[in-house]
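A.B. asks: Structure provided below as structure tokens; questions to follow.
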Amino acid sequence: PLILGIETSCDETGIGIVRGTQLLANEVASSMDLHVRFGGVIPEIAARAHLEAFTPTLRRALETAGVQLKDVDAIAVTAGPGLAGALMVGLSAAKGLALATGKPLYGINHLVAHVAVGLLDRADTTGPALAPNTAALLVSGGHTEILRVGSLTDDVQLLGSTIDDAAGEAYDKTARLLGLGYPGGPAIDRAARGGDPAAFRFPRGLTMPKFEGTAEAPGKHRHNWSFSGLKTAVARAAEQFQAQGLEIPVADIAASFQEAVVDVLTAKAVRACQEHRLTNLLLGGGVAANSRLRELLAQRCAQAGIELTVPPIPLCTDNGAMVAALGAQLVAAGVPASSLAIPADSSLPVHRISV
Ligand code: ATP
Ligand code: MG
Ligand code: FE
């Protein structure tokens, strides 16, 4: 099916067009520049920017794909989770388009879309179909979750998650603390290249035996993460240099911070796969763009005999193609379309794939 995907859950206005699992267009307009001086996304500014960017972005996507609105089989739109006001702009626009064209509307889950994007244009032999025994590691600005994915259209189950900050949030907060600016993920990724990842031994949260237990008797937090202690440890380290009148070794701290995040993310994800007998892993979310995460996860999956799928870097952060990708799966599976009355749900849980 030919699917138009619309994403406005945060500060990216994304319009994507796919045919099945083939990517035809992915146009993204970001209002990031407007938020930089505040050090984070301001919801009202983001919503207004979506309103202004929507039509030109849609036009560009249709042009790039070489299709017209009347050609599409369905319109997919992020219904949640995300910023309520931002979500509402995309959802209203999608409803308007659906009403005007008579095309079915699919309100979809942004988190599952981050995972579904991994199926686009796959070069491997697995093809578009989801292999049995598939897991997904979702690492984004607001979420950090390990999932069992029985089916991308009707069976996504949460196996573990962060109990405090998301991985992306830890990157953003740590970058701010180190004066590296916003967004923090790409800034730390870059700064870390010139640093020593072993310079500081920062904590790996929830890895003590009392939290993890054993495979036979798992502790409550065996498959969970915590990143708030890490942020505090970085702050302490920086303060110690400052207190002595020394320059803060930003590159070494960035590299050591990144190593701590990526080490515990990959170790727990791979172990969760092994203990749940999941032999395929899809990586998704903005932090999936991280160079060290991509490297270490590939290494550890190879060692464990887990088949890893990683999206191209531009498809990791928010975009419309991921929404279209999930929409195409729902249409192909014969899932009924959404009502035109669906609301935006800012805290939609990951197991609710479509609304
Ligand atoms: P969610 O998907 O949970 O609703 P979101 O949509 O705001 O949150 P994404 O767009 O998926 O988040 O990801 C943005 C996050 O990814 C930010 O926290 C950003 O710092 C992080 N990020 C982007 N690139 C990198 C990178 N190269 N290394 C680490 N983190 C990165
Ligand atoms: Mg963003
Ligand atoms: Fe996202």
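By convention in this document, the chains of the structure tokens carry letters A, B, ... by their order, each chain's residues are numbered from 1, and ligands are numbered from 1 in the order they are shown.
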Residues of range 34-262 of chain A classed as strand (DSSP E) by DSSP on the backbone are to be reported as a PyMOL selection string.

C.D. replies: chain A and resi 74-80+105-109+134-139+144-151+155-161

A.B. asks: With N, CA and C atoms retained, export the selected residues as a compact mmCIF listing (two decimals), in the first residue's frame.

C.D. replies:
```txt
# COMPACT_ATOMS: atom_id res chain seq x y z
N ALA A 74 -3.82 5.30 2.39
CA ALA A 74 -4.21 5.66 3.75
C ALA A 74 -3.30 6.76 4.29
N ILE A 75 -3.81 7.44 5.32
CA ILE A 75 -3.05 8.49 6.00
C ILE A 75 -2.78 8.03 7.42
N ALA A 76 -1.50 7.93 7.77
CA ALA A 76 -1.13 7.54 9.13
C ALA A 76 -0.59 8.77 9.86
N VAL A 77 -0.93 8.88 11.13
CA VAL A 77 -0.51 10.06 11.90
C VAL A 77 -0.19 9.65 13.33
N THR A 78 0.82 10.27 13.92
CA THR A 78 1.15 10.01 15.32
C THR A 78 0.03 10.54 16.21
N ALA A 79 -0.57 9.65 17.02
CA ALA A 79 -1.62 10.06 17.96
C ALA A 79 -1.07 10.20 19.37
N GLY A 80 0.16 9.71 19.60
CA GLY A 80 0.80 9.80 20.90
C GLY A 80 1.92 8.79 20.97
N LEU A 105 -7.97 6.87 7.88
CA LEU A 105 -7.02 7.48 8.82
C LEU A 105 -6.53 6.41 9.80
N TYR A 106 -5.23 6.38 10.07
CA TYR A 106 -4.67 5.48 11.09
C TYR A 106 -3.93 6.31 12.13
N GLY A 107 -4.44 6.36 13.35
CA GLY A 107 -3.76 7.03 14.46
C GLY A 107 -2.79 6.03 15.06
N ILE A 108 -1.50 6.33 15.05
CA ILE A 108 -0.54 5.31 15.45
C ILE A 108 0.34 5.76 16.62
N ASN A 109 1.02 4.77 17.20
CA ASN A 109 1.90 4.99 18.35
C ASN A 109 3.31 5.36 17.87
N THR A 134 11.34 -11.80 17.87
CA THR A 134 11.97 -10.49 17.70
C THR A 134 11.79 -9.62 18.94
N ALA A 135 12.87 -8.91 19.30
CA ALA A 135 12.84 -7.93 20.37
C ALA A 135 13.13 -6.56 19.77
N ALA A 136 12.84 -5.50 20.52
CA ALA A 136 13.21 -4.16 20.08
C ALA A 136 13.79 -3.40 21.25
N LEU A 137 14.86 -2.67 20.98
CA LEU A 137 15.44 -1.77 21.98
C LEU A 137 15.10 -0.36 21.50
N LEU A 138 14.23 0.31 22.27
CA LEU A 138 13.77 1.64 21.92
C LEU A 138 14.47 2.64 22.84
N VAL A 139 15.29 3.50 22.24
CA VAL A 139 16.06 4.47 23.04
C VAL A 139 15.87 5.85 22.44
N THR A 144 13.05 4.65 27.20
CA THR A 144 14.11 3.65 27.07
C THR A 144 13.46 2.34 27.46
N GLU A 145 13.23 1.48 26.46
CA GLU A 145 12.44 0.27 26.69
C GLU A 145 13.00 -0.91 25.91
N ILE A 146 12.89 -2.10 26.51
CA ILE A 146 13.17 -3.33 25.77
C ILE A 146 11.83 -4.04 25.60
N LEU A 147 11.52 -4.40 24.36
CA LEU A 147 10.19 -4.91 24.01
C LEU A 147 10.29 -6.29 23.37
N ARG A 148 9.26 -7.09 23.60
CA ARG A 148 9.08 -8.29 22.79
C ARG A 148 8.08 -7.91 21.71
N VAL A 149 8.44 -8.14 20.45
CA VAL A 149 7.57 -7.75 19.35
C VAL A 149 7.09 -9.01 18.64
N GLY A 150 5.92 -9.50 19.06
CA GLY A 150 5.33 -10.67 18.41
C GLY A 150 4.85 -10.29 17.03
N SER A 151 4.28 -9.08 16.93
CA SER A 151 3.81 -8.53 15.67
C SER A 151 3.80 -7.03 15.82
N ASP A 155 0.96 -7.05 18.65
CA ASP A 155 1.56 -7.71 19.81
C ASP A 155 2.92 -7.11 20.17
N VAL A 156 2.89 -6.07 20.96
CA VAL A 156 4.12 -5.47 21.48
C VAL A 156 4.02 -5.48 23.00
N GLN A 157 5.06 -6.05 23.63
CA GLN A 157 4.99 -6.27 25.07
C GLN A 157 6.23 -5.66 25.73
N LEU A 158 6.03 -4.95 26.81
CA LEU A 158 7.14 -4.31 27.52
C LEU A 158 7.86 -5.32 28.42
N LEU A 159 9.16 -5.51 28.22
CA LEU A 159 9.95 -6.43 29.06
C LEU A 159 10.72 -5.68 30.15
N GLY A 160 11.11 -4.43 29.85
CA GLY A 160 11.86 -3.64 30.81
C GLY A 160 11.96 -2.21 30.32
N SER A 161 12.29 -1.29 31.25
CA SER A 161 12.35 0.12 30.86
C SER A 161 13.20 0.89 31.86
```

A.B. asks: For Tyr182 in chain A, find every residue with an atom within 12 Å (counting only C-alpha atoms), except residues of its own chain fewer than 4 positions away, and show them as a VMD selection string.

C.D. replies: chain A and resid 32 to 41 168 to 169 171 to 178 186 to 188

A.B. asks: Set the distance at 6 Å and use only C-alpha atoms: which residues neighbour Ala113 in chain A once local chain neighbours fewer than 4 positions away are removed? I'd like the list as JSON, numbers by chain.

C.D. replies: {"A": [322, 323, 326]}

A.B. asks: Quick one: residues within 12 Å of Cys273 in chain A, only C-alpha atoms counted, chain neighbours fewer than 2 positions away excluded, as a count of residues only?

C.D. replies: 34

A.B. asks: Excluding Ala251 in chain A and any residue of its chain fewer than 5 positions from it, enumerate the residues within 10 Å of it, using only C-alpha atoms, and give them as a PDB file with N, CA and C atoms, in the first residue's frame.

C.D. replies:
```
ATOM      1  N   LEU A 178      27.790  20.043  30.800  1.00  0.00           N
ATOM      2  CA  LEU A 178      29.155  20.199  30.286  1.00  0.00           C
ATOM      3  C   LEU A 178      29.283  21.406  29.354  1.00  0.00           C
ATOM      4  N   ILE A 188      27.457  15.232  22.498  1.00  0.00           N
ATOM      5  CA  ILE A 188      28.292  14.328  23.299  1.00  0.00           C
ATOM      6  C   ILE A 188      28.943  13.275  22.404  1.00  0.00           C
ATOM      7  N   ASP A 189      28.183  12.785  21.435  1.00  0.00           N
ATOM      8  CA  ASP A 189      28.718  11.803  20.480  1.00  0.00           C
ATOM      9  C   ASP A 189      29.996  12.368  19.842  1.00  0.00           C
ATOM     10  N   ARG A 190      29.932  13.627  19.408  1.00  0.00           N
ATOM     11  CA  ARG A 190      31.091  14.290  18.774  1.00  0.00           C
ATOM     12  C   ARG A 190      32.223  14.515  19.771  1.00  0.00           C
ATOM     13  N   ALA A 191      31.887  15.097  20.942  1.00  0.00           N
ATOM     14  CA  ALA A 191      32.919  15.411  21.944  1.00  0.00           C
ATOM     15  C   ALA A 191      33.639  14.150  22.408  1.00  0.00           C
ATOM     16  N   ALA A 192      32.896  13.042  22.497  1.00  0.00           N
ATOM     17  CA  ALA A 192      33.454  11.787  23.024  1.00  0.00           C
ATOM     18  C   ALA A 192      34.545  11.225  22.117  1.00  0.00           C
ATOM     19  N   ARG A 193      34.501  11.592  20.839  1.00  0.00           N
ATOM     20  CA  ARG A 193      35.486  11.060  19.891  1.00  0.00           C
ATOM     21  C   ARG A 193      36.910  11.461  20.267  1.00  0.00           C
ATOM     22  N   GLY A 194      37.041  12.630  20.936  1.00  0.00           N
ATOM     23  CA  GLY A 194      38.379  13.073  21.327  1.00  0.00           C
ATOM     24  C   GLY A 194      38.734  12.721  22.764  1.00  0.00           C
ATOM     25  N   GLY A 195      37.914  11.878  23.419  1.00  0.00           N
ATOM     26  CA  GLY A 195      38.141  11.588  24.832  1.00  0.00           C
ATOM     27  C   GLY A 195      38.444  10.125  25.109  1.00  0.00           C
ATOM     28  N   ASP A 196      38.804   9.864  26.384  1.00  0.00           N
ATOM     29  CA  ASP A 196      39.132   8.505  26.817  1.00  0.00           C
ATOM     30  C   ASP A 196      37.928   7.921  27.571  1.00  0.00           C
ATOM     31  N   PRO A 197      37.300   6.879  27.024  1.00  0.00           N
ATOM     32  CA  PRO A 197      36.109   6.303  27.675  1.00  0.00           C
ATOM     33  C   PRO A 197      36.426   5.629  29.014  1.00  0.00           C
ATOM     34  N   ALA A 199      38.553   7.075  31.246  1.00  0.00           N
ATOM     35  CA  ALA A 199      39.108   8.103  32.144  1.00  0.00           C
ATOM     36  C   ALA A 199      38.356   8.133  33.471  1.00  0.00           C
ATOM     37  N   SER A 256      33.465   8.976  28.790  1.00  0.00           N
ATOM     38  CA  SER A 256      33.219   8.050  29.899  1.00  0.00           C
ATOM     39  C   SER A 256      31.729   7.941  30.203  1.00  0.00           C
ATOM     40  N   PHE A 257      31.023   9.086  30.104  1.00  0.00           N
ATOM     41  CA  PHE A 257      29.566   9.084  30.275  1.00  0.00           C
ATOM     42  C   PHE A 257      28.925   8.200  29.205  1.00  0.00           C
TER      43      PHE A 257
END
```

A.B. asks: Please identify every residue of chain A that has at least one atom no farther than 12 Å from an atom of ligand 2, counting only C-alpha atoms and all ligand atoms, and for each give the shortest atom pair and the distance in Å to one decimal, arranged by chain then increasing number, as JSON lines.

C.D. replies:
```
{"residue": "A:Glu7", "atom": "CA", "partner": "ligand 2", "partner_atom_place_in_ligand_line": "1 (Mg)", "distance": 10.8}
{"residue": "A:Thr8", "atom": "CA", "partner": "ligand 2", "partner_atom_place_in_ligand_line": "1 (Mg)", "distance": 9.6}
{"residue": "A:Ser9", "atom": "CA", "partner": "ligand 2", "partner_atom_place_in_ligand_line": "1 (Mg)", "distance": 8.7}
{"residue": "A:Cys10", "atom": "CA", "partner": "ligand 2", "partner_atom_place_in_ligand_line": "1 (Mg)", "distance": 5.8}
{"residue": "A:Asp11", "atom": "CA", "partner": "ligand 2", "partner_atom_place_in_ligand_line": "1 (Mg)", "distance": 4.9}
{"residue": "A:Glu12", "atom": "CA", "partner": "ligand 2", "partner_atom_place_in_ligand_line": "1 (Mg)", "distance": 5.5}
{"residue": "A:Thr13", "atom": "CA", "partner": "ligand 2", "partner_atom_place_in_ligand_line": "1 (Mg)", "distance": 9.2}
{"residue": "A:Gly14", "atom": "CA", "partner": "ligand 2", "partner_atom_place_in_ligand_line": "1 (Mg)", "distance": 10.4}
{"residue": "A:Val28", "atom": "CA", "partner": "ligand 2", "partner_atom_place_in_ligand_line": "1 (Mg)", "distance": 10.3}
{"residue": "A:Ala29", "atom": "CA", "partner": "ligand 2", "partner_atom_place_in_ligand_line": "1 (Mg)", "distance": 10.2}
{"residue": "A:Ser30", "atom": "CA", "partner": "ligand 2", "partner_atom_place_in_ligand_line": "1 (Mg)", "distance": 7.3}
{"residue": "A:Ser31", "atom": "CA", "partner": "ligand 2", "partner_atom_place_in_ligand_line": "1 (Mg)", "distance": 8.4}
{"residue": "A:Met32", "atom": "CA", "partner": "ligand 2", "partner_atom_place_in_ligand_line": "1 (Mg)", "distance": 6.9}
{"residue": "A:Asp33", "atom": "CA", "partner": "ligand 2", "partner_atom_place_in_ligand_line": "1 (Mg)", "distance": 10.7}
{"residue": "A:Leu34", "atom": "CA", "partner": "ligand 2", "partner_atom_place_in_ligand_line": "1 (Mg)", "distance": 11.8}
{"residue": "A:His35", "atom": "CA", "partner": "ligand 2", "partner_atom_place_in_ligand_line": "1 (Mg)", "distance": 10.3}
{"residue": "A:Val36", "atom": "CA", "partner": "ligand 2", "partner_atom_place_in_ligand_line": "1 (Mg)", "distance": 11.4}
{"residue": "A:Gly40", "atom": "CA", "partner": "ligand 2", "partner_atom_place_in_ligand_line": "1 (Mg)", "distance": 9.7}
{"residue": "A:Val41", "atom": "CA", "partner": "ligand 2", "partner_atom_place_in_ligand_line": "1 (Mg)", "distance": 8.2}
{"residue": "A:Ile42", "atom": "CA", "partner": "ligand 2", "partner_atom_place_in_ligand_line": "1 (Mg)", "distance": 11.4}
{"residue": "A:Pro43", "atom": "CA", "partner": "ligand 2", "partner_atom_place_in_ligand_line": "1 (Mg)", "distance": 11.7}
{"residue": "A:Ala46", "atom": "CA", "partner": "ligand 2", "partner_atom_place_in_ligand_line": "1 (Mg)", "distance": 10.0}
{"residue": "A:Gly82", "atom": "CA", "partner": "ligand 2", "partner_atom_place_in_ligand_line": "1 (Mg)", "distance": 10.6}
{"residue": "A:Leu83", "atom": "CA", "partner": "ligand 2", "partner_atom_place_in_ligand_line": "1 (Mg)", "distance": 11.3}
{"residue": "A:Ala86", "atom": "CA", "partner": "ligand 2", "partner_atom_place_in_ligand_line": "1 (Mg)", "distance": 11.7}
{"residue": "A:Ser140", "atom": "CA", "partner": "ligand 2", "partner_atom_place_in_ligand_line": "1 (Mg)", "distance": 9.6}
{"residue": "A:Gly141", "atom": "CA", "partner": "ligand 2", "partner_atom_place_in_ligand_line": "1 (Mg)", "distance": 7.9}
{"residue": "A:Gly142", "atom": "CA", "partner": "ligand 2", "partner_atom_place_in_ligand_line": "1 (Mg)", "distance": 10.4}
{"residue": "A:Gly168", "atom": "CA", "partner": "ligand 2", "partner_atom_place_in_ligand_line": "1 (Mg)", "distance": 10.5}
{"residue": "A:Glu169", "atom": "CA", "partner": "ligand 2", "partner_atom_place_in_ligand_line": "1 (Mg)", "distance": 11.6}
{"residue": "A:Asp172", "atom": "CA", "partner": "ligand 2", "partner_atom_place_in_ligand_line": "1 (Mg)", "distance": 11.4}
{"residue": "A:Tyr182", "atom": "CA", "partner": "ligand 2", "partner_atom_place_in_ligand_line": "1 (Mg)", "distance": 10.5}
{"residue": "A:Pro183", "atom": "CA", "partner": "ligand 2", "partner_atom_place_in_ligand_line": "1 (Mg)", "distance": 8.2}
{"residue": "A:Gly184", "atom": "CA", "partner": "ligand 2", "partner_atom_place_in_ligand_line": "1 (Mg)", "distance": 11.1}
{"residue": "A:Gly185", "atom": "CA", "partner": "ligand 2", "partner_atom_place_in_ligand_line": "1 (Mg)", "distance": 10.8}
{"residue": "A:Pro186", "atom": "CA", "partner": "ligand 2", "partner_atom_place_in_ligand_line": "1 (Mg)", "distance": 11.7}
{"residue": "A:Gly285", "atom": "CA", "partner": "ligand 2", "partner_atom_place_in_ligand_line": "1 (Mg)", "distance": 10.5}
{"residue": "A:Gly286", "atom": "CA", "partner": "ligand 2", "partner_atom_place_in_ligand_line": "1 (Mg)", "distance": 8.1}
{"residue": "A:Val287", "atom": "CA", "partner": "ligand 2", "partner_atom_place_in_ligand_line": "1 (Mg)", "distance": 11.1}
{"residue": "A:Pro314", "atom": "CA", "partner": "ligand 2", "partner_atom_place_in_ligand_line": "1 (Mg)", "distance": 11.9}
{"residue": "A:Leu315", "atom": "CA", "partner": "ligand 2", "partner_atom_place_in_ligand_line": "1 (Mg)", "distance": 12.0}
{"residue": "A:Cys316", "atom": "CA", "partner": "ligand 2", "partner_atom_place_in_ligand_line": "1 (Mg)", "distance": 10.4}
{"residue": "A:Thr317", "atom": "CA", "partner": "ligand 2", "partner_atom_place_in_ligand_line": "1 (Mg)", "distance": 6.6}
{"residue": "A:Asp318", "atom": "CA", "partner": "ligand 2", "partner_atom_place_in_ligand_line": "1 (Mg)", "distance": 6.0}
{"residue": "A:Asn319", "atom": "CA", "partner": "ligand 2", "partner_atom_place_in_ligand_line": "1 (Mg)", "distance": 9.0}
```

A.B. asks: Nearest to Arg48 in chain A among A:Leu87, A:Leu120, A:Ile6, A:Ala167, with distances taken over only C-alpha atoms: which residue is it?

C.D. replies: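 Of A:Leu87, A:Leu120, A:Ile6, A:Ala167, the one nearest Arg48 in chain A, counting only C-alpha atoms, is A:Leu87.
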
A.B. asks: Residues of range 65-124 of chain A in helix (DSSP H, G or I) according to DSSP, as number ranges by chain?

C.D. replies: A: 65, 69-71, 84-101, 110-119

A.B. asks: Which of these residues is nearest to Ala116 in chain A, using only C-alpha atoms: A:Ala53, A:Leu283, A:Leu4, A:Ala254?

C.D. replies: A:Leu283

A.B. asks: Between A:Ser228, A:Gln329, A:Ser346, A:Thr309, which has the minimum distance to Leu297 in chain A (counting only C-alpha atoms)?

C.D. replies: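 Distance minimum relative to Leu297 in chain A lands on A:Thr309.
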
A.B. asks: Can you tell me which residues surround Trp225 in chain A at a distance of at most 7 Å, considering only C-alpha atoms, apart from same-chain residues fewer than 3 positions away, and format the answer as an NGL selection string?

C.D. replies: :A and (161-163 or 205-206)

A.B. asks: Can I get the selected residues back with C-alpha atoms, as an mmCIF file, in the first residue's frame?

C.D. replies:
```cif
data_model
loop_
_atom_site.group_PDB
_atom_site.id
_atom_site.type_symbol
_atom_site.label_atom_id
_atom_site.label_comp_id
_atom_site.auth_asym_id
_atom_site.auth_seq_id
_atom_site.Cartn_x
_atom_site.Cartn_y
_atom_site.Cartn_z
ATOM 1 C CA SER A 161 12.354 0.121 30.857
ATOM 2 C CA THR A 162 14.108 2.979 32.570
ATOM 3 C CA ILE A 163 12.770 3.729 36.033
ATOM 4 C CA GLY A 205 22.505 1.796 37.201
ATOM 5 C CA LEU A 206 20.526 -1.184 38.579
#
```

A.B. asks: Return the single residue from A:Ala333, A:Val115, A:Ala84, A:Ala49 that is closest to ligand 3, with distances computed using only C-alpha atoms and all ligand atoms.

C.D. replies: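 Once distances to ligand 3 are computed over only C-alpha atoms and all ligand atoms, the minimum belongs to A:Val115.
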
A.B. asks: What is the distance between CA of Ala233 in chain A and CA of Phe200 in chain A, in Å to one decimal?

C.D. replies: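 Taking CA of Ala233 in chain A as the start and CA of Phe200 in chain A as the end point, the length is 9.9 Å.
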
A.B. asks: When you draw a straight line from CA of Gly20 in chain A to CA of Leu2 in chain A, how long is it in Å?

C.D. replies: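 CA of Gly20 in chain A sits 6.6 Å away from CA of Leu2 in chain A.
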
A.B. asks: Between A:Pro249, A:His110, A:Lys220, A:Gly334, single out the one closest to ligand 1, counting only C-alpha atoms and all ligand atoms.

C.D. replies: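 Among the listed residues, A:His110 lies closest to ligand 1.
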
A.B. asks: Would you mind reading off the distance between CA of Val18 in chain A and CA of Gly66 in chain A, one decimal, in Å?

C.D. replies: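 Answer for the CA of Val18 in chain A to CA of Gly66 in chain A separation: 11.5 Å.
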
A.B. asks: What's around Thr232 in chain A at 10 Å? Count only C-alpha atoms, leave out sequence neighbours fewer than 6 positions away in its own chain, and write the answer as a list in words.

C.D. replies: Thr174, Phe202, Pro203 and Ala238 of chain A

A.B. asks: Those residues you just picked out, can you put them in a file as a CSV table (one decimal), in the first residue's frame with N, CA and C atoms?

C.D. replies:
```csv
chain,number,residue,atom,x,y,z
A,174,THR,N,23.3,15.9,30.5
A,174,THR,CA,24.7,15.9,30.7
A,174,THR,C,25.4,16.9,29.8
A,202,PHE,N,32.0,5.7,35.6
A,202,PHE,CA,30.7,6.2,36.0
A,202,PHE,C,29.8,5.0,36.2
A,203,PRO,N,28.8,5.2,37.1
A,203,PRO,CA,27.9,4.1,37.5
A,203,PRO,C,27.1,3.5,36.4
A,238,ALA,N,32.6,16.9,37.5
A,238,ALA,CA,32.9,18.2,37.0
A,238,ALA,C,33.2,19.2,38.1
```
